[in-house]
>>> print(open('data01.txt').read())   # compact mmCIF, C-alpha atoms
# COMPACT_ATOMS: atom_id res chain seq x y z
CA MET G 1 110.14 80.55 115.40
CA LYS G 2 106.44 80.08 114.66
CA PRO G 3 104.93 82.75 112.39
CA VAL G 4 101.74 84.49 113.42
CA THR G 5 98.87 84.08 110.96
CA GLN G 6 98.22 87.01 108.63
CA LEU G 7 94.74 87.48 107.16
CA HIS G 8 94.25 89.64 104.10
CA THR G 9 91.07 90.82 102.41
CA HIS G 10 89.89 88.86 99.38
CA LYS G 11 90.81 90.16 95.93
CA SER G 12 89.87 89.01 92.46
CA GLU G 13 92.27 87.35 90.05
CA LEU G 14 92.42 90.57 88.06
CA SER G 15 93.47 92.46 91.15
CA LYS G 16 96.22 89.89 91.66
CA GLN G 17 97.44 90.58 88.14
CA LEU G 18 97.55 94.26 89.02
CA ALA G 19 99.58 93.37 92.08
CA LEU G 20 102.12 91.56 89.93
CA ARG G 21 102.35 94.54 87.58
CA THR G 22 103.08 97.02 90.31
CA GLY G 23 105.61 94.70 91.88
CA TRP G 24 104.67 95.77 95.38
CA LEU G 25 101.55 93.78 96.24
CA ARG G 26 101.90 90.26 97.49
CA LEU G 27 100.09 87.33 95.96
CA ALA G 28 98.87 85.50 99.02
CA SER G 29 95.78 83.61 100.07
CA LEU G 30 93.31 86.39 100.72
CA LEU G 31 90.23 86.07 102.90
CA GLY G 32 87.10 88.21 103.15
CA SER G 33 87.18 89.07 106.83
CA GLY G 34 88.94 92.41 106.33
CA VAL G 35 91.27 91.75 109.28
CA LEU G 36 95.02 92.24 109.01
CA LEU G 37 96.78 90.46 111.84
CA GLY G 38 100.39 90.42 112.93
CA THR G 39 103.16 88.51 111.23
CA LEU G 40 106.46 88.16 113.00
CA SER G 41 109.83 87.98 111.30
CA LEU G 42 112.70 87.73 113.73
CA SER G 43 116.38 87.91 112.93
CA ALA G 44 119.46 88.49 115.06
CA HIS G 45 122.21 90.73 113.74
CA ALA G 46 125.81 91.31 114.66
CA GLY G 47 126.29 93.41 117.75
CA SER G 48 123.54 93.94 120.30
CA LEU G 49 120.63 94.68 117.97
CA ILE G 50 117.76 92.23 117.53
CA SER G 51 115.12 93.38 115.08
CA HIS G 52 111.73 92.20 113.85
CA THR G 53 108.50 93.70 112.57
CA ASP G 54 104.84 93.33 113.51
CA TYR G 55 101.84 93.95 111.30
CA LEU G 56 99.30 96.53 112.36
CA ASP G 57 96.11 94.88 113.61
CA TYR G 58 93.57 96.64 111.40
CA GLU G 59 90.01 95.77 110.36
CA LEU G 60 88.14 97.42 107.51
CA PRO G 61 85.05 99.42 108.50
CA LYS G 62 81.98 97.19 108.32
CA GLU G 63 80.31 99.05 105.44
CA THR G 64 83.51 99.07 103.40
CA GLN G 65 84.12 95.41 104.13
CA GLU G 66 80.65 94.45 102.93
CA LYS G 67 81.10 96.39 99.69
CA CYS G 68 84.55 95.11 98.84
CA VAL G 69 83.81 91.47 99.64
CA GLU G 70 80.77 91.61 97.38
CA ARG G 71 82.73 93.31 94.59
CA GLU G 72 85.93 91.33 95.24
CA ASN G 73 88.04 94.48 95.34
CA CYS G 74 88.99 95.10 98.98
CA PRO G 75 91.75 97.67 99.56
CA ASP G 76 95.12 96.15 100.45
CA ILE G 77 96.61 97.54 103.66
CA GLU G 78 100.02 96.46 104.92
CA ILE G 79 101.45 98.49 107.77
CA LYS G 80 104.37 97.15 109.80
CA TYR G 81 105.99 98.53 112.94
CA LEU G 82 109.57 98.06 114.04
CA LYS G 83 110.33 96.13 117.21
CA THR G 84 113.95 95.93 118.31
CA ASN G 85 115.51 95.46 121.72
CA HIS G 86 116.22 99.23 121.75
CA GLN G 87 113.05 101.10 122.63
CA TRP G 88 114.40 104.51 121.61
CA ILE G 89 114.98 103.23 118.06
CA ASN G 90 111.46 101.80 117.98
CA ALA G 91 109.95 105.08 119.16
CA ILE G 92 111.64 107.22 116.49
CA THR G 93 111.04 104.77 113.65
CA ASN G 94 107.42 104.00 114.48
CA GLU G 95 106.57 107.65 114.92
CA ARG G 96 107.87 108.21 111.42
CA ILE G 97 105.76 105.28 110.17
CA ASN G 98 102.67 106.80 111.81
CA HIS G 99 103.48 110.12 110.16
CA LEU G 100 103.65 108.50 106.71
CA VAL G 101 100.38 106.63 107.26
CA VAL G 102 98.49 109.66 108.55
CA ASN G 103 99.70 111.90 105.75
CA SER G 104 99.53 109.25 103.00
CA LYS G 105 101.47 111.57 100.69
CA PRO G 106 105.07 111.35 101.96
CA THR G 107 107.37 114.33 101.54
CA GLU G 108 111.09 113.67 101.59
CA SER G 109 112.61 114.52 104.98
CA ALA G 110 109.36 116.08 106.16
CA PRO G 111 109.71 116.89 109.87
CA ILE G 112 107.29 115.40 112.37
CA THR G 113 105.66 118.36 114.07
CA SER G 114 103.18 116.41 116.17
CA LYS G 115 102.84 112.83 117.34
CA SER G 116 100.14 110.63 115.87
CA ASN G 117 98.42 108.13 118.12
CA GLN G 118 96.81 104.87 117.03
CA ALA G 119 93.42 106.54 116.79
CA ASP G 120 94.88 108.97 114.23
CA VAL G 121 96.41 106.09 112.29
CA LYS G 122 93.15 104.13 112.23
CA ALA G 123 91.17 107.19 111.15
CA ALA G 124 93.64 107.87 108.34
CA ILE G 125 93.45 104.29 107.06
CA ASP G 126 89.65 104.28 107.33
CA ASP G 127 89.56 107.45 105.24
CA PHE G 128 91.98 105.93 102.73
CA VAL G 129 90.03 102.70 102.19
CA THR G 130 86.60 104.33 102.06
CA SER G 131 87.84 106.84 99.48
CA GLN G 132 88.30 103.97 97.01
CA PHE G 133 84.54 103.55 96.77
CA ALA G 134 83.92 107.29 96.64
CA ASP G 135 86.53 107.99 93.97
CA LEU G 136 86.20 105.00 91.64
CA PRO G 137 83.22 103.75 89.58
CA GLU G 138 81.29 100.84 91.04
CA ASP G 139 82.55 98.45 88.37
CA SER G 140 86.21 99.47 88.76
CA VAL G 141 88.69 96.64 89.19
CA PHE G 142 91.33 98.84 90.84
CA VAL G 143 92.26 98.15 94.42
CA TYR G 144 93.71 100.89 96.61
CA ASN G 145 96.96 99.90 98.27
CA LEU G 146 98.77 101.43 101.25
CA MET G 147 102.01 99.86 102.42
CA VAL G 148 104.53 101.11 104.98
CA THR G 149 107.24 98.84 106.35
CA PRO G 150 110.66 99.23 108.02
CA GLU G 151 113.72 97.17 107.15
CA TYR G 152 116.99 96.68 109.01
CA LEU G 153 119.97 97.36 106.71
CA GLY G 154 122.90 96.64 109.01
CA HIS G 155 125.46 98.42 111.15
CA VAL G 156 128.63 100.43 110.59
CA ASN G 157 130.81 101.14 113.60
CA ASP G 158 128.34 102.25 116.32
CA LEU G 159 125.63 103.10 113.79
CA GLU G 160 122.51 101.02 113.11
CA THR G 161 120.83 101.67 109.77
CA PHE G 162 117.23 101.17 108.70
CA GLU G 163 115.03 102.00 105.74
CA ILE G 164 111.31 102.74 105.68
CA ASN G 165 109.62 101.81 102.42
CA SER G 166 106.11 102.90 101.57
CA TYR G 167 103.82 102.54 98.59
CA VAL G 168 100.53 104.25 97.79
CA PHE G 169 98.31 103.21 94.89
CA THR G 170 95.00 104.93 94.15
CA GLY G 171 94.53 103.99 90.51
CA GLY G 172 96.17 105.31 87.38
CA ALA G 173 99.24 104.09 85.53
CA HIS G 174 101.25 103.37 88.66
CA GLY G 175 101.47 103.86 92.38
CA MET G 176 103.94 106.02 94.26
CA PRO G 177 106.78 104.31 96.13
CA TYR G 178 108.79 106.16 98.75
CA SER G 179 111.98 105.28 100.61
CA GLU G 180 113.60 106.89 103.63
CA TYR G 181 116.84 106.06 105.44
CA LEU G 182 117.22 106.20 109.21
CA VAL G 183 120.62 106.12 110.93
CA PHE G 184 120.91 105.64 114.70
CA ASP G 185 123.94 106.21 116.90
CA GLN G 186 124.19 103.64 119.68
CA LYS G 187 126.57 105.86 121.66
CA SER G 188 124.51 109.05 121.78
CA LYS G 189 121.13 107.28 121.48
CA LYS G 190 120.13 109.73 118.74
CA GLN G 191 119.11 109.67 115.10
CA ILE G 192 121.98 110.88 112.92
CA GLN G 193 121.43 113.34 110.08
CA LEU G 194 123.79 114.45 107.32
CA ALA G 195 124.58 117.65 109.26
CA ASP G 196 125.77 115.54 112.20
CA MET G 197 128.25 113.67 110.01
CA LEU G 198 129.86 116.63 108.26
CA GLN G 199 132.98 118.36 109.48
CA PRO G 200 132.23 122.03 110.30
CA GLY G 201 131.94 124.14 107.17
CA ASN G 202 132.17 121.20 104.77
CA LYS G 203 128.64 121.00 103.38
CA SER G 204 129.73 122.67 100.13
CA LYS G 205 132.51 120.08 99.68
CA PHE G 206 130.04 117.26 100.28
CA LYS G 207 127.66 118.82 97.76
CA VAL G 208 130.41 118.81 95.13
CA LEU G 209 131.08 115.12 95.80
CA ALA G 210 127.36 114.38 95.55
CA TYR G 211 127.13 116.35 92.29
CA ASN G 212 130.01 114.34 90.82
CA ALA G 213 128.21 111.14 91.86
CA TYR G 214 125.07 112.51 90.20
CA LYS G 215 126.94 113.02 86.91
CA ASP G 216 128.34 109.49 87.11
CA TRP G 217 124.81 108.17 87.60
CA VAL G 218 123.42 110.24 84.72
CA LYS G 219 125.99 108.62 82.41
CA THR G 220 124.33 105.26 83.11
CA VAL G 221 120.98 106.50 81.76
CA ASP G 222 121.85 109.23 79.24
CA GLU G 223 124.78 109.96 76.93
CA ASP G 224 124.42 113.76 77.21
CA VAL G 225 124.88 114.83 80.85
CA ALA G 226 124.46 118.56 80.11
CA SER G 227 121.17 118.03 78.26
CA TYR G 228 119.85 115.69 80.93
CA GLU G 229 120.69 118.14 83.69
CA LYS G 230 118.60 120.86 82.03
CA ASN G 231 115.51 118.70 82.47
CA TRP G 232 116.46 117.02 85.75
CA PRO G 233 118.88 119.30 87.60
CA PHE G 234 120.90 118.12 90.55
CA THR G 235 119.73 118.86 94.06
CA LEU G 236 121.28 117.70 97.32
CA SER G 237 119.19 115.28 99.35
CA ASP G 238 119.73 114.68 103.06
CA ASN G 239 118.16 111.21 102.76
CA ILE G 240 121.46 109.44 103.45
CA THR G 241 122.81 106.30 105.04
CA VAL G 242 126.24 104.82 105.75
CA THR G 243 127.48 101.55 104.30
CA ASP G 244 130.70 99.57 104.60
CA LYS G 245 131.92 101.39 101.46
CA GLY G 246 130.72 104.96 101.86
CA ILE G 247 127.64 107.17 102.04
CA ASP G 248 124.56 106.48 99.94
CA ILE G 249 122.11 109.26 99.03
CA ARG G 250 118.58 108.17 98.12
CA TYR G 251 116.28 110.22 95.85
CA GLN G 252 112.55 109.82 95.45
CA HIS G 253 110.78 109.48 92.12
CA TYR G 254 110.73 112.62 89.96
CA VAL G 255 113.45 114.44 91.95
CA ILE G 256 116.44 113.90 89.64
CA GLY G 257 114.83 111.67 87.05
CA PRO G 258 111.56 110.47 85.51
CA TYR G 259 109.46 107.80 87.21
CA ALA G 260 110.87 105.06 84.97
CA TYR G 261 114.33 105.61 86.49
CA GLY G 262 113.09 104.60 89.93
CA MET G 263 114.58 106.02 93.13
CA PRO G 264 118.24 106.67 92.31
CA VAL G 265 121.00 106.10 94.86
CA LEU G 266 124.19 108.14 94.57
CA SER G 267 127.21 106.59 96.29
CA ILE G 268 130.24 108.47 97.62
CA PRO G 269 133.15 106.23 98.72
CA TYR G 270 134.95 106.86 102.01
CA SER G 271 138.17 107.45 100.07
CA LYS G 272 136.67 110.76 98.89
CA LEU G 273 135.12 111.68 102.25
CA SER G 274 138.27 111.95 104.33
CA GLY G 275 138.31 115.41 105.89
CA VAL G 276 134.72 116.00 104.79
CA ILE G 277 132.87 113.86 107.31
CA LYS G 278 133.89 113.20 110.89
CA PRO G 279 136.29 110.25 111.29
CA ARG G 280 133.92 108.27 113.53
CA PHE G 281 131.47 107.97 110.64
CA ILE G 282 134.01 106.31 108.34
CA ALA G 283 133.72 102.53 108.42
CA LYS G 284 136.62 100.78 110.10
>>> encode(input="data01.txt", output="structure tokens")
Amino acid sequence: MKPVTQLHTHKSELSKQLALRTGWLRLASLLGSGVLLGTLSLSAHAGSLISHTDYLDYELPKETQEKCVERENCPDIEIKYLKTNHQWINAITNERINHLVVNSKPTESAPITSKSNQADVKAAIDDFVTSQFADLPEDSVFVYNLMVTPEYLGHVNDLETFEINSYVFTGGAHGMPYSEYLVFDQKSKKQIQLADMLQPGNKSKFKVLAYNAYKDWVKTVDEDVASYEKNWPFTLSDNITVTDKGIDIRYQHYVIGPYAYGMPVLSIPYSKLSGVIKPRFIAK
């Protein structure tokens, strides 16, 4: 497969060092045209799913492009869309990507109340990149970064699992990563939520299992679970996915721990989920 060329805006060496520090920005050959073209990454997976991603074709506004090329601090924009051989999966995933781009400040499990078109997406990115020059001093070396990209995780039974990762950096000590699971049922052609997996009336049992997993995780970062819980109490997240071993629950930064602890994942094995979730969601 021949890759499609990707052009990035030029950044200074100092900006590249910032990229290394955040761990999210790529060190690539960056050009001053301000155009971000598509890159294709194709892979075939077991079953009937074929998945790849395409970069958003986006060009910086002319005035912004002139400023950032001169100052060598062009904002870094990396938006990818999902393209599989299942259009209904693409539609749901890419609408969620648009939602994250347009809002720029993701909220865990935030419902999509209205569809965003490409004009909305472009306007949101234009506003994001131009705000760098309105918010920061002229001699600032910071580069605003907006990244949203989907990733195929695999399949369990009839379920196909994906993750959307995003990252927003607008200066300061660090940027804000965000991660969201998506689970799709090939039989019903629907996105599956935690409520769909649970046996009727078993949410409280699942919450207990999740709480026990939370305490196990806390023991890996703190010796005193009771003291830790006073500062970072447990809360149940519906940001879940299925694996070959059980159900994983993803938490965003600052939900059950400080930023330094990342985005914790609590795992509940299938051996504890019998009778709690519906049998068809247990890996065979």
>>> atom_distance(input="data01.txt", atom1="atom CA of G:Phe281", atom2="atom CA of G:Ile240")
12.4 Å
>>> residues_around(input="data01.txt", residues="G:Thr84", least_positions_apart="3", cutoff="7 Å", atoms="only C-alpha atoms", output="PyMOL selection string")
chain G and resi 49-52+87+90
>>> residues_around(input="data01.txt", residues="G:Tyr254", least_positions_apart="5", cutoff="12 Å", atoms="all atoms listed in the file", output="PDB file with C-alpha atoms, keeping the file's coordinate frame")
ATOM      1  CA  GLU G 108     111.090 113.670 101.590  1.00  0.00           C
ATOM      2  CA  MET G 176     103.940 106.020  94.260  1.00  0.00           C
ATOM      3  CA  PRO G 177     106.780 104.310  96.130  1.00  0.00           C
ATOM      4  CA  TYR G 178     108.790 106.160  98.750  1.00  0.00           C
ATOM      5  CA  ASN G 231     115.510 118.700  82.470  1.00  0.00           C
ATOM      6  CA  TRP G 232     116.460 117.020  85.750  1.00  0.00           C
ATOM      7  CA  PRO G 233     118.880 119.300  87.600  1.00  0.00           C
ATOM      8  CA  PHE G 234     120.900 118.120  90.550  1.00  0.00           C
ATOM      9  CA  THR G 235     119.730 118.860  94.060  1.00  0.00           C
ATOM     10  CA  TYR G 259     109.460 107.800  87.210  1.00  0.00           C
ATOM     11  CA  ALA G 260     110.870 105.060  84.970  1.00  0.00           C
ATOM     12  CA  TYR G 261     114.330 105.610  86.490  1.00  0.00           C
ATOM     13  CA  GLY G 262     113.090 104.600  89.930  1.00  0.00           C
ATOM     14  CA  MET G 263     114.580 106.020  93.130  1.00  0.00           C
ATOM     15  CA  PRO G 264     118.240 106.670  92.310  1.00  0.00           C
TER      16      PRO G 264
END
>>> atom_distance(input="data01.txt", atom1="atom CA of G:Asp76", atom2="atom CA of G:Phe169")
9.5 Å
>>> atom_distance(input="data01.txt", atom1="atom CA of G:Thr93", atom2="atom CA of G:Thr53")
11.4 Å
